[in-house]
file my_file16.cif (mmCIF, C-alpha atoms (C1' of nucleotides))
data_entry
#
loop_
_atom_site.label_atom_id
_atom_site.label_comp_id
_atom_site.auth_asym_id
_atom_site.auth_seq_id
_atom_site.Cartn_x
_atom_site.Cartn_y
_atom_site.Cartn_z
CA MET A 1 -12.64 -13.26 -9.12
CA ALA A 2 -14.66 -11.29 -11.65
CA LYS A 3 -12.18 -9.68 -13.97
CA GLU A 4 -14.36 -6.80 -15.17
CA VAL A 5 -15.11 -5.71 -11.63
CA ILE A 6 -11.42 -5.38 -10.85
CA GLU A 7 -10.76 -3.61 -14.13
CA LYS A 8 -13.54 -1.14 -13.42
CA ILE A 9 -12.22 -0.44 -9.95
CA ARG A 10 -8.77 0.17 -11.38
CA GLU A 11 -10.24 2.54 -13.90
CA PHE A 12 -12.00 4.45 -11.16
CA ASN A 13 -8.77 4.59 -9.21
CA ARG A 14 -6.99 6.17 -12.13
CA PHE A 15 -9.79 8.64 -12.51
CA TYR A 16 -9.86 9.50 -8.85
CA THR A 17 -6.07 9.80 -8.67
CA ALA A 18 -6.43 12.72 -11.07
CA VAL A 19 -9.24 14.23 -8.96
CA ILE A 20 -7.10 14.04 -5.84
CA GLY A 21 -4.19 15.49 -7.76
CA VAL A 22 -6.21 18.54 -8.71
CA THR A 23 -7.51 19.09 -5.21
CA ASN A 24 -4.06 18.61 -3.69
CA ASN A 25 -2.56 21.18 -5.98
CA HIS A 26 -2.90 23.93 -3.37
CA ILE A 27 -0.30 22.13 -1.27
CA LEU A 28 2.22 22.06 -4.08
CA GLN A 29 1.88 25.81 -4.22
CA SER A 30 2.71 26.19 -0.54
CA ASP A 31 6.23 26.09 0.85
CA TYR A 32 5.60 22.67 2.38
CA SER A 33 5.55 19.15 1.03
CA LEU A 34 2.59 16.81 1.18
CA THR A 35 4.21 14.93 4.04
CA GLU A 36 4.87 18.12 5.97
CA VAL A 37 1.25 19.11 5.61
CA ARG A 38 0.20 15.67 6.76
CA VAL A 39 2.28 16.21 9.89
CA MET A 40 0.48 19.50 10.44
CA TYR A 41 -2.81 17.72 9.95
CA GLU A 42 -2.03 15.12 12.60
CA ALA A 43 -0.59 17.71 14.99
CA TYR A 44 -3.75 19.75 14.58
CA TYR A 45 -6.22 16.95 15.15
CA SER A 46 -4.13 14.98 17.65
CA PRO A 47 -2.17 17.54 19.65
CA GLY A 48 0.43 15.83 21.79
CA ILE A 49 1.15 13.22 19.14
CA THR A 50 4.72 11.91 19.01
CA ALA A 51 7.17 11.32 16.17
CA ARG A 52 6.93 7.61 16.83
CA GLN A 53 3.18 7.62 16.35
CA LEU A 54 3.56 9.66 13.19
CA THR A 55 5.89 7.13 11.59
CA GLY A 56 3.12 4.58 11.99
CA ILE A 57 0.41 6.84 10.59
CA LEU A 58 2.36 8.43 7.77
CA GLN A 59 4.49 5.41 6.94
CA VAL A 60 7.68 7.40 6.55
CA ASP A 61 11.21 6.83 7.75
CA GLU A 62 11.84 8.04 11.29
CA GLY A 63 15.07 9.78 10.34
CA TYR A 64 13.37 11.70 7.61
CA LEU A 65 10.51 12.53 9.94
CA SER A 66 12.91 13.76 12.61
CA ARG A 67 14.43 16.26 10.23
CA LEU A 68 11.07 17.22 8.88
CA ILE A 69 9.78 17.99 12.36
CA ALA A 70 12.97 19.93 13.11
CA LYS A 71 12.25 22.09 10.08
CA LEU A 72 8.68 22.77 11.19
CA VAL A 73 9.91 23.61 14.68
CA LYS A 74 12.52 25.94 13.24
CA HIS A 75 9.80 27.63 11.20
CA LYS A 76 7.80 27.95 14.44
CA ILE A 77 4.91 25.98 12.98
CA VAL A 78 5.17 23.06 15.35
CA LEU A 79 5.88 23.12 19.08
CA LYS A 80 7.83 20.25 20.60
CA LYS A 81 7.61 19.66 24.34
CA GLN A 82 9.72 17.06 26.07
CA SER A 83 7.66 14.75 28.26
CA LYS A 84 8.45 14.96 31.98
CA GLU A 85 7.67 11.30 32.57
CA ASP A 86 9.77 9.98 29.69
CA LYS A 87 12.46 12.28 28.45
CA ARG A 88 12.88 10.37 25.20
CA ILE A 89 9.45 11.48 24.07
CA TYR A 90 8.34 14.81 22.65
CA ALA A 91 4.75 15.93 22.38
CA LEU A 92 4.00 17.78 19.15
CA GLU A 93 1.38 20.41 18.52
CA LEU A 94 0.74 23.28 16.15
CA SER A 95 1.74 26.77 17.23
CA GLU A 96 -0.60 29.68 16.63
CA LYS A 97 1.33 30.38 13.44
CA GLY A 98 1.00 26.72 12.53
CA LYS A 99 -2.74 26.78 13.07
CA GLN A 100 -3.05 29.84 10.89
CA LEU A 101 -1.03 28.25 8.11
CA PHE A 102 -2.98 25.03 8.40
CA SER A 103 -6.30 26.82 8.16
CA GLU A 104 -5.06 28.78 5.16
CA LEU A 105 -4.13 25.51 3.45
CA ASN A 106 -7.52 24.11 4.37
CA ARG A 107 -9.20 27.14 2.93
CA ARG A 108 -7.37 26.68 -0.36
CA SER A 109 -8.13 22.98 -0.43
CA SER A 110 -11.80 23.73 0.09
CA GLU A 111 -11.66 26.21 -2.73
CA ALA A 112 -10.29 23.54 -5.05
CA ILE A 113 -13.12 21.20 -4.08
CA ALA A 114 -15.66 23.96 -4.49
CA THR A 115 -14.41 24.45 -8.04
CA LEU A 116 -14.65 20.74 -8.67
CA ILE A 117 -18.32 20.64 -7.77
CA GLU A 118 -19.35 24.15 -8.81
CA HIS A 119 -21.39 22.95 -11.75
CA LEU A 120 -23.36 20.45 -9.66
CA THR A 121 -26.76 21.19 -8.20
CA THR A 122 -27.31 20.96 -4.46
CA GLU A 123 -29.04 17.63 -5.01
CA GLU A 124 -26.14 16.28 -7.01
CA ARG A 125 -23.66 17.34 -4.37
CA LEU A 126 -25.56 15.46 -1.72
CA GLU A 127 -25.73 12.49 -4.05
CA LEU A 128 -21.95 12.65 -4.49
CA VAL A 129 -21.42 12.55 -0.73
CA ARG A 130 -23.90 9.70 -0.44
CA LEU A 131 -22.03 7.69 -3.08
CA GLN A 132 -18.70 8.38 -1.40
CA ASN A 133 -20.04 7.26 1.96
CA GLY A 134 -21.29 4.09 0.36
CA ILE A 135 -17.83 3.33 -0.97
CA LYS A 136 -16.20 4.04 2.34
CA ASN A 137 -18.68 1.80 4.14
CA LEU A 138 -18.10 -1.06 1.73
CA LEU A 139 -14.33 -0.81 1.91
CA THR A 140 -14.10 -0.49 5.68
CA LYS A 141 -16.77 -2.98 6.60
CA LYS A 142 -15.90 -5.96 8.80
CA MET B 1 -21.17 26.77 -0.78
CA ALA B 2 -22.25 24.16 1.75
CA LYS B 3 -19.34 23.73 4.10
CA GLU B 4 -20.16 20.25 5.34
CA VAL B 5 -20.37 18.88 1.82
CA ILE B 6 -16.87 20.08 1.05
CA GLU B 7 -15.57 18.76 4.35
CA LYS B 8 -17.10 15.37 3.64
CA ILE B 9 -15.58 15.24 0.20
CA ARG B 10 -12.19 16.11 1.66
CA GLU B 11 -12.59 13.35 4.19
CA PHE B 12 -13.42 10.87 1.47
CA ASN B 13 -10.39 12.05 -0.48
CA ARG B 14 -8.13 11.34 2.48
CA PHE B 15 -9.70 7.94 2.84
CA TYR B 16 -9.39 7.12 -0.82
CA THR B 17 -5.81 8.38 -0.98
CA ALA B 18 -4.97 5.57 1.41
CA VAL B 19 -6.90 3.04 -0.69
CA ILE B 20 -5.02 4.07 -3.81
CA GLY B 21 -1.77 3.95 -1.87
CA VAL B 22 -2.38 0.33 -0.91
CA THR B 23 -3.31 -0.71 -4.41
CA ASN B 24 -0.35 1.13 -5.92
CA ASN B 25 2.05 -0.64 -3.61
CA HIS B 26 2.82 -3.30 -6.20
CA ILE B 27 4.50 -0.64 -8.32
CA LEU B 28 6.83 0.37 -5.53
CA GLN B 29 7.98 -3.22 -5.50
CA SER B 30 8.92 -3.12 -9.17
CA ASP B 31 12.09 -1.61 -10.55
CA TYR B 32 10.16 1.33 -11.96
CA SER B 33 8.73 4.47 -10.43
CA LEU B 34 5.08 5.41 -10.52
CA THR B 35 5.79 7.95 -13.25
CA GLU B 36 7.66 5.39 -15.33
CA VAL B 37 4.73 3.01 -15.06
CA ARG B 38 2.37 5.79 -16.06
CA VAL B 39 4.48 6.30 -19.19
CA MET B 40 4.16 2.58 -19.92
CA TYR B 41 0.42 2.86 -19.40
CA GLU B 42 0.08 5.70 -21.90
CA ALA B 43 2.42 4.04 -24.40
CA TYR B 44 0.35 0.88 -24.13
CA TYR B 45 -3.06 2.47 -24.59
CA SER B 46 -1.95 5.24 -26.95
CA PRO B 47 0.87 3.81 -29.02
CA GLY B 48 2.55 6.53 -31.06
CA ILE B 49 2.17 9.07 -28.28
CA THR B 50 4.93 11.69 -28.03
CA ALA B 51 6.95 13.05 -25.13
CA ARG B 52 5.24 16.39 -25.61
CA GLN B 53 1.82 14.85 -25.18
CA LEU B 54 2.99 12.97 -22.12
CA THR B 55 4.13 16.13 -20.34
CA GLY B 56 0.56 17.38 -20.66
CA ILE B 57 -0.99 14.14 -19.44
CA LEU B 58 1.44 13.32 -16.66
CA GLN B 59 2.19 16.90 -15.67
CA VAL B 60 5.90 16.37 -15.34
CA ASP B 61 8.91 18.35 -16.44
CA GLU B 62 9.94 17.67 -20.03
CA GLY B 63 13.62 17.32 -19.11
CA TYR B 64 12.82 14.74 -16.52
CA LEU B 65 10.53 12.96 -18.92
CA SER B 66 13.20 12.93 -21.62
CA ARG B 67 15.64 11.13 -19.34
CA LEU B 68 12.94 8.83 -18.09
CA ILE B 69 12.03 7.79 -21.63
CA ALA B 70 15.73 7.34 -22.45
CA LYS B 71 15.96 4.91 -19.53
CA LEU B 72 12.95 2.92 -20.71
CA VAL B 73 14.37 2.83 -24.24
CA LYS B 74 17.72 1.66 -22.88
CA HIS B 75 15.93 -1.09 -20.96
CA LYS B 76 14.20 -2.00 -24.24
CA ILE B 77 10.78 -1.44 -22.71
CA VAL B 78 9.82 1.47 -24.92
CA LEU B 79 10.46 1.88 -28.64
CA LYS B 80 11.09 5.36 -29.99
CA LYS B 81 10.62 6.01 -33.70
CA GLN B 82 11.51 9.32 -35.25
CA SER B 83 8.70 10.71 -37.35
CA LYS B 84 9.47 11.02 -41.05
CA GLU B 85 7.29 14.09 -41.50
CA ASP B 86 8.73 15.99 -38.52
CA LYS B 87 12.13 14.88 -37.35
CA ARG B 88 11.75 16.63 -34.00
CA ILE B 89 9.05 14.19 -32.99
CA TYR B 90 9.38 10.63 -31.75
CA ALA B 91 6.52 8.18 -31.58
CA LEU B 92 6.59 6.02 -28.47
CA GLU B 93 5.25 2.53 -28.00
CA LEU B 94 5.84 -0.48 -25.81
CA SER B 95 8.15 -3.21 -27.06
CA GLU B 96 7.18 -6.85 -26.61
CA LYS B 97 9.25 -6.89 -23.44
CA GLY B 98 7.49 -3.71 -22.33
CA LYS B 99 4.09 -5.23 -22.94
CA GLN B 100 5.05 -8.27 -20.92
CA LEU B 101 6.30 -6.15 -18.04
CA PHE B 102 3.22 -3.97 -18.20
CA SER B 103 0.90 -6.96 -18.06
CA GLU B 104 2.84 -8.37 -15.12
CA LEU B 105 2.40 -5.07 -13.28
CA ASN B 106 -1.27 -5.13 -14.18
CA ARG B 107 -1.59 -8.61 -12.84
CA ARG B 108 -0.08 -7.56 -9.53
CA SER B 109 -2.25 -4.47 -9.36
CA SER B 110 -5.31 -6.63 -9.93
CA GLU B 111 -4.18 -8.88 -7.14
CA ALA B 112 -4.01 -5.93 -4.77
CA ILE B 113 -7.54 -4.91 -5.73
CA ALA B 114 -8.74 -8.46 -5.34
CA THR B 115 -7.40 -8.44 -1.79
CA LEU B 116 -9.12 -5.14 -1.13
CA ILE B 117 -12.53 -6.55 -2.03
CA GLU B 118 -12.05 -10.17 -1.02
CA HIS B 119 -14.38 -9.92 1.94
CA LEU B 120 -17.19 -8.43 -0.16
CA THR B 121 -20.00 -10.51 -1.64
CA THR B 122 -20.57 -10.48 -5.38
CA GLU B 123 -23.52 -8.17 -4.82
CA GLU B 124 -21.42 -5.76 -2.81
CA ARG B 125 -18.72 -5.70 -5.44
CA LEU B 126 -21.22 -4.74 -8.09
CA GLU B 127 -22.61 -2.12 -5.74
CA LEU B 128 -19.09 -0.72 -5.30
CA VAL B 129 -18.63 -0.41 -9.04
CA ARG B 130 -22.07 1.20 -9.33
CA LEU B 131 -21.18 3.79 -6.69
CA GLN B 132 -17.86 4.51 -8.36
CA ASN B 133 -19.51 4.99 -11.73
CA GLY B 134 -21.96 7.37 -10.13
CA ILE B 135 -19.11 9.48 -8.77
CA LYS B 136 -17.32 9.51 -12.08
CA ASN B 137 -20.47 10.53 -13.91
CA LEU B 138 -21.14 13.37 -11.51
CA LEU B 139 -17.60 14.69 -11.66
CA THR B 140 -17.24 14.51 -15.42
CA LYS B 141 -20.71 15.65 -16.38
CA LYS B 142 -21.13 18.70 -18.61
"C1'" DA C 1 16.05 33.87 -45.91
"C1'" DT C 2 15.69 34.71 -41.37
"C1'" DA C 3 13.22 35.00 -37.02
"C1'" DA C 4 10.26 32.65 -34.06
"C1'" DA C 5 8.31 28.57 -32.48
"C1'" DT C 6 8.43 23.65 -31.40
"C1'" DA C 7 10.30 19.06 -29.73
"C1'" DC C 8 13.47 17.17 -27.43
"C1'" DT C 9 18.16 16.95 -24.73
"C1'" DT C 10 21.56 17.96 -21.26
"C1'" DG C 11 23.91 20.14 -17.24
"C1'" DC C 12 23.03 21.48 -12.88
"C1'" DT C 13 20.47 21.70 -8.70
"C1'" DT C 14 16.95 20.82 -5.15
"C1'" DT C 15 14.02 17.95 -2.57
"C1'" DA C 16 12.00 13.69 -0.79
"C1'" DG C 17 13.04 10.04 1.52
"C1'" DG C 18 15.60 5.74 2.99
"C1'" DC C 19 19.28 3.15 5.77
"C1'" DA C 20 22.17 2.47 9.41
"C1'" DA C 21 24.88 3.91 13.17
"C1'" DG C 22 24.72 6.86 17.23
"C1'" DT C 23 22.89 9.08 21.73
"C1'" DA C 24 19.95 9.37 25.59
"C1'" DT C 25 16.66 7.34 28.38
"C1'" DT C 26 13.75 3.73 30.20
"C1'" DT C 27 12.51 -1.09 31.00
"C1'" DT C 28 13.54 -5.79 32.02
"C1'" DG C 29 15.47 -9.98 33.71
"C1'" DA C 30 19.24 -12.69 35.99
"C1'" DT D 1 20.38 -4.10 41.54
"C1'" DC D 2 22.50 -3.43 37.64
"C1'" DA D 3 23.83 -4.88 33.03
"C1'" DA D 4 21.48 -5.89 28.80
"C1'" DA D 5 17.77 -4.98 25.86
"C1'" DA D 6 14.41 -1.98 24.22
"C1'" DT D 7 12.63 2.53 22.96
"C1'" DA D 8 12.55 7.40 21.06
"C1'" DC D 9 14.74 10.30 18.67
"C1'" DT D 10 19.01 12.24 15.92
"C1'" DT D 11 22.57 12.44 12.52
"C1'" DG D 12 25.66 11.20 8.61
"C1'" DC D 13 25.51 9.47 4.34
"C1'" DC D 14 23.32 8.24 0.18
"C1'" DT D 15 19.96 7.57 -3.81
"C1'" DA D 16 16.15 8.62 -6.65
"C1'" DA D 17 12.59 11.85 -8.20
"C1'" DA D 18 11.94 15.87 -10.30
"C1'" DG D 19 12.50 20.75 -11.57
"C1'" DC D 20 14.89 24.76 -14.09
"C1'" DA D 21 17.23 26.76 -17.65
"C1'" DA D 22 20.24 26.75 -21.45
"C1'" DG D 23 21.26 24.22 -25.67
"C1'" DT D 24 20.45 21.64 -30.28
"C1'" DA D 25 17.83 20.37 -34.21
"C1'" DT D 26 14.03 21.07 -36.96
"C1'" DT D 27 9.92 23.26 -38.68
"C1'" DT D 28 6.88 27.24 -39.43
"C1'" DA D 29 5.85 31.95 -40.28
"C1'" DT D 30 7.13 36.55 -41.93
#

call {"tool": "encode", "arguments": {"input": "my_file16.cif", "output": "structure tokens"}}
result
Amino acid sequence: MAKEVIEKIREFNRFYTAVIGVTNNHILQSDYSLTEVRVMYEAYYSPGITARQLTGILQVDEGYLSRLIAKLVKHKIVLKKQSKEDKRIYALELSEKGKQLFSELNRRSSEAIATLIEHLTTEERLELVRLQNGIKNLLTKK
Amino acid sequence: MAKEVIEKIREFNRFYTAVIGVTNNHILQSDYSLTEVRVMYEAYYSPGITARQLTGILQVDEGYLSRLIAKLVKHKIVLKKQSKEDKRIYALELSEKGKQLFSELNRRSSEAIATLIEHLTTEERLELVRLQNGIKNLLTKK
DNA sequence: ATAAATACTTGCTTTAGGCAAGTATTTTGA
DNA sequence: TCAAAATACTTGCCTAAAGCAAGTATTTAT
């Protein structure tokens, strides 16, 4: 396997780790951890999702997740409804307050990205997206 | 600011966060934390670096870093030499053992990347690197 | 010569997150 | 059909990561 190719990919990964760090900074300034925000994200885009499914997606311990969800429920950010068909299962979704918080976090994240690309022309921004899509296509192909 | 562009960049960031997670997995299987390995990285590529400089680069608390360095010194991975000109300062570098460990971690990281791109042709791999360089150039320009 | 600044250390605390045992419920197989 | 196994979640206990703030030693500036 070509050694320089791997080394260059690793270098890009280091570079992009820093980029992601900057754009994730808004979360560190909220009262919630990255994992908690990821739960909000999933609850927002997949309302009705269960703790079980989340452990698979987020790759975190179910005990930890249970407590984490309990916290979000206590803060009235997440709603937890017991399933009628299977009482072991709880459907999760964002409350109105949760949706507001989530959109505020999104707004701040977008701001961080806007800052990142503020010095680029419209053409360059489109080029950036094009390059990113190319990477995603290569790495998810097959 | 074009909303879809930002949304697409955020989507790519989520995607690439997962990619980096997979390729960083090798570190989680070592006896050292991500931050500890980052210290090794800096000590390897910038021998003589100080704790002070590292707090800036790694963005971690200086107290935490102090203990972390003490651990690496205790494990004989990092060497710490007090500066003669300014006794408050200590120059850090990797010991032979540290270099060996670091190269072992590098080897495993490379393996993870190799797996990531194993189904790509040589052409596609070069294309991937080209795309990544394009992104880096755009985001660091000016 | 002393006050302020700098580099690092140390005590204390919080938070993230894992492991394993426990409870309630549902599914399965003799 | 009903006991055993499986599933979904909870809880107690623990460790590691990391921050904050006060402390020490040294250097720099007034």

call {"tool": "resolve_selection", "arguments": {"input": "my_file16.cif", "expression": "the PyMOL selection byres ((chain D and resi 20-23) around 8)", "output": "list in words"}}
result
DT9 and DT10 of chain C; DG19 and DT24 of chain D

call {"tool": "closest_residue", "arguments": {"input": "my_file16.cif", "among": "A:His75, A:Arg88, A:Arg14, A:Arg38", "to": "chain D", "atoms": "all atoms listed in the file"}}
result
A:Arg88

call {"tool": "interface_residues", "arguments": {"input": "my_file16.cif", "of": "chain D", "to": "chain B", "cutoff": "8 Å", "atoms": "only C-alpha atoms (C1' of nucleotides)", "output": "PyMOL selection string"}}
result
chain D and resi 18-19+25-27

call {"tool": "atom_distance", "arguments": {"input": "my_file16.cif", "atom1": "CA of Val22 (chain A)", "atom2": "CA of Arg67 (chain B)"}}
result
25.4 Å

call {"tool": "calpha_fit_rmsd", "arguments": {"input": "my_file16.cif", "fixed": "chain A", "moving": "chain B"}}
result
0.3 Å

call {"tool": "resolve_selection", "arguments": {"input": "my_file16.cif", "expression": "the PyMOL selection byres ((chain C and resi 29) around 12)", "output": "short mmCIF file (atom, residue, chain, number, x, y, z; two decimals) with C-alpha atoms (C1' of nucleotides), keeping the file's coordinate frame"}}
result
data_model
loop_
_atom_site.label_atom_id
_atom_site.label_comp_id
_atom_site.auth_asym_id
_atom_site.auth_seq_id
_atom_site.Cartn_x
_atom_site.Cartn_y
_atom_site.Cartn_z
"C1'" DT C 27 12.51 -1.09 31.00
"C1'" DT C 28 13.54 -5.79 32.02
"C1'" DA C 30 19.24 -12.69 35.99
"C1'" DT D 1 20.38 -4.10 41.54
"C1'" DC D 2 22.50 -3.43 37.64
"C1'" DA D 3 23.83 -4.88 33.03
"C1'" DA D 4 21.48 -5.89 28.80
"C1'" DA D 5 17.77 -4.98 25.86
#

call {"tool": "resolve_selection", "arguments": {"input": "my_file16.cif", "expression": "the PyMOL selection byres ((chain B) within 10 of (chain A))", "output": "PyMOL selection string"}}
result
chain B and resi 1-17+19-21+23-24+58+106+109-114+116-120+122+124-142

call {"tool": "atom_distance", "arguments": {"input": "my_file16.cif", "atom1": "CA of Gln53 (chain A)", "atom2": "CA of Ala91 (chain A)"}}
result
10.4 Å

call {"tool": "atom_distance", "arguments": {"input": "my_file16.cif", "atom1": "C1' of DA6 (chain D)", "atom2": "CA of Leu68 (chain A)"}}
result
24.8 Å

call {"tool": "build_atoms", "arguments": {"input": "my_file16.cif", "residues": "region 104-121 of chain A", "atoms": "N, CA, C and O atoms", "output": "tab-separated table (two decimals), in the frame of the given file"}}
result
chain	number	residue	atom	x	y	z
A	104	GLU	N	-5.18	28.18	6.50
A	104	GLU	CA	-5.06	28.78	5.16
A	104	GLU	C	-4.99	27.67	4.09
A	104	GLU	O	-5.65	27.75	3.06
A	105	LEU	N	-4.22	26.63	4.39
A	105	LEU	CA	-4.13	25.51	3.45
A	105	LEU	C	-5.48	24.83	3.30
A	105	LEU	O	-5.88	24.45	2.20
A	106	ASN	N	-6.18	24.70	4.41
A	106	ASN	CA	-7.52	24.11	4.37
A	106	ASN	C	-8.46	24.95	3.51
A	106	ASN	O	-9.25	24.42	2.74
A	107	ARG	N	-8.33	26.24	3.69
A	107	ARG	CA	-9.20	27.14	2.93
A	107	ARG	C	-8.97	26.94	1.43
A	107	ARG	O	-9.91	26.82	0.64
A	108	ARG	N	-7.68	26.84	1.06
A	108	ARG	CA	-7.37	26.68	-0.36
A	108	ARG	C	-7.80	25.32	-0.88
A	108	ARG	O	-8.24	25.19	-2.02
A	109	SER	N	-7.68	24.31	-0.03
A	109	SER	CA	-8.13	22.98	-0.43
A	109	SER	C	-9.63	22.99	-0.67
A	109	SER	O	-10.13	22.45	-1.65
A	110	SER	N	-10.35	23.64	0.23
A	110	SER	CA	-11.80	23.73	0.09
A	110	SER	C	-12.18	24.46	-1.19
A	110	SER	O	-13.13	24.09	-1.88
A	111	GLU	N	-11.42	25.47	-1.50
A	111	GLU	CA	-11.66	26.21	-2.73
A	111	GLU	C	-11.56	25.30	-3.94
A	111	GLU	O	-12.39	25.36	-4.85
A	112	ALA	N	-10.50	24.45	-3.92
A	112	ALA	CA	-10.29	23.54	-5.05
A	112	ALA	C	-11.47	22.59	-5.19
A	112	ALA	O	-11.94	22.31	-6.30
A	113	ILE	N	-11.96	22.11	-4.04
A	113	ILE	CA	-13.12	21.20	-4.08
A	113	ILE	C	-14.35	21.94	-4.54
A	113	ILE	O	-15.14	21.41	-5.34
A	114	ALA	N	-14.50	23.16	-4.08
A	114	ALA	CA	-15.66	23.96	-4.49
A	114	ALA	C	-15.67	24.10	-6.01
A	114	ALA	O	-16.72	23.99	-6.65
A	115	THR	N	-14.49	24.33	-6.59
A	115	THR	CA	-14.41	24.45	-8.04
A	115	THR	C	-14.81	23.14	-8.72
A	115	THR	O	-15.52	23.13	-9.72
A	116	LEU	N	-14.35	22.06	-8.10
A	116	LEU	CA	-14.65	20.74	-8.67
A	116	LEU	C	-16.14	20.48	-8.78
A	116	LEU	O	-16.60	19.84	-9.72
A	117	ILE	N	-16.89	20.95	-7.80
A	117	ILE	CA	-18.32	20.64	-7.77
A	117	ILE	C	-19.20	21.86	-8.09
A	117	ILE	O	-20.41	21.83	-7.90
A	118	GLU	N	-18.59	22.90	-8.62
A	118	GLU	CA	-19.35	24.15	-8.81
A	118	GLU	C	-20.50	23.99	-9.80
A	118	GLU	O	-21.51	24.68	-9.68
A	119	HIS	N	-20.34	23.08	-10.75
A	119	HIS	CA	-21.39	22.95	-11.75
A	119	HIS	C	-22.47	21.94	-11.34
A	119	HIS	O	-23.38	21.66	-12.11
A	120	LEU	N	-22.34	21.39	-10.13
A	120	LEU	CA	-23.36	20.45	-9.66
A	120	LEU	C	-24.47	21.18	-8.90
A	120	LEU	O	-24.21	22.19	-8.24
A	121	THR	N	-25.67	20.65	-8.99
A	121	THR	CA	-26.76	21.19	-8.20
A	121	THR	C	-26.60	20.73	-6.76
A	121	THR	O	-25.81	19.83	-6.47
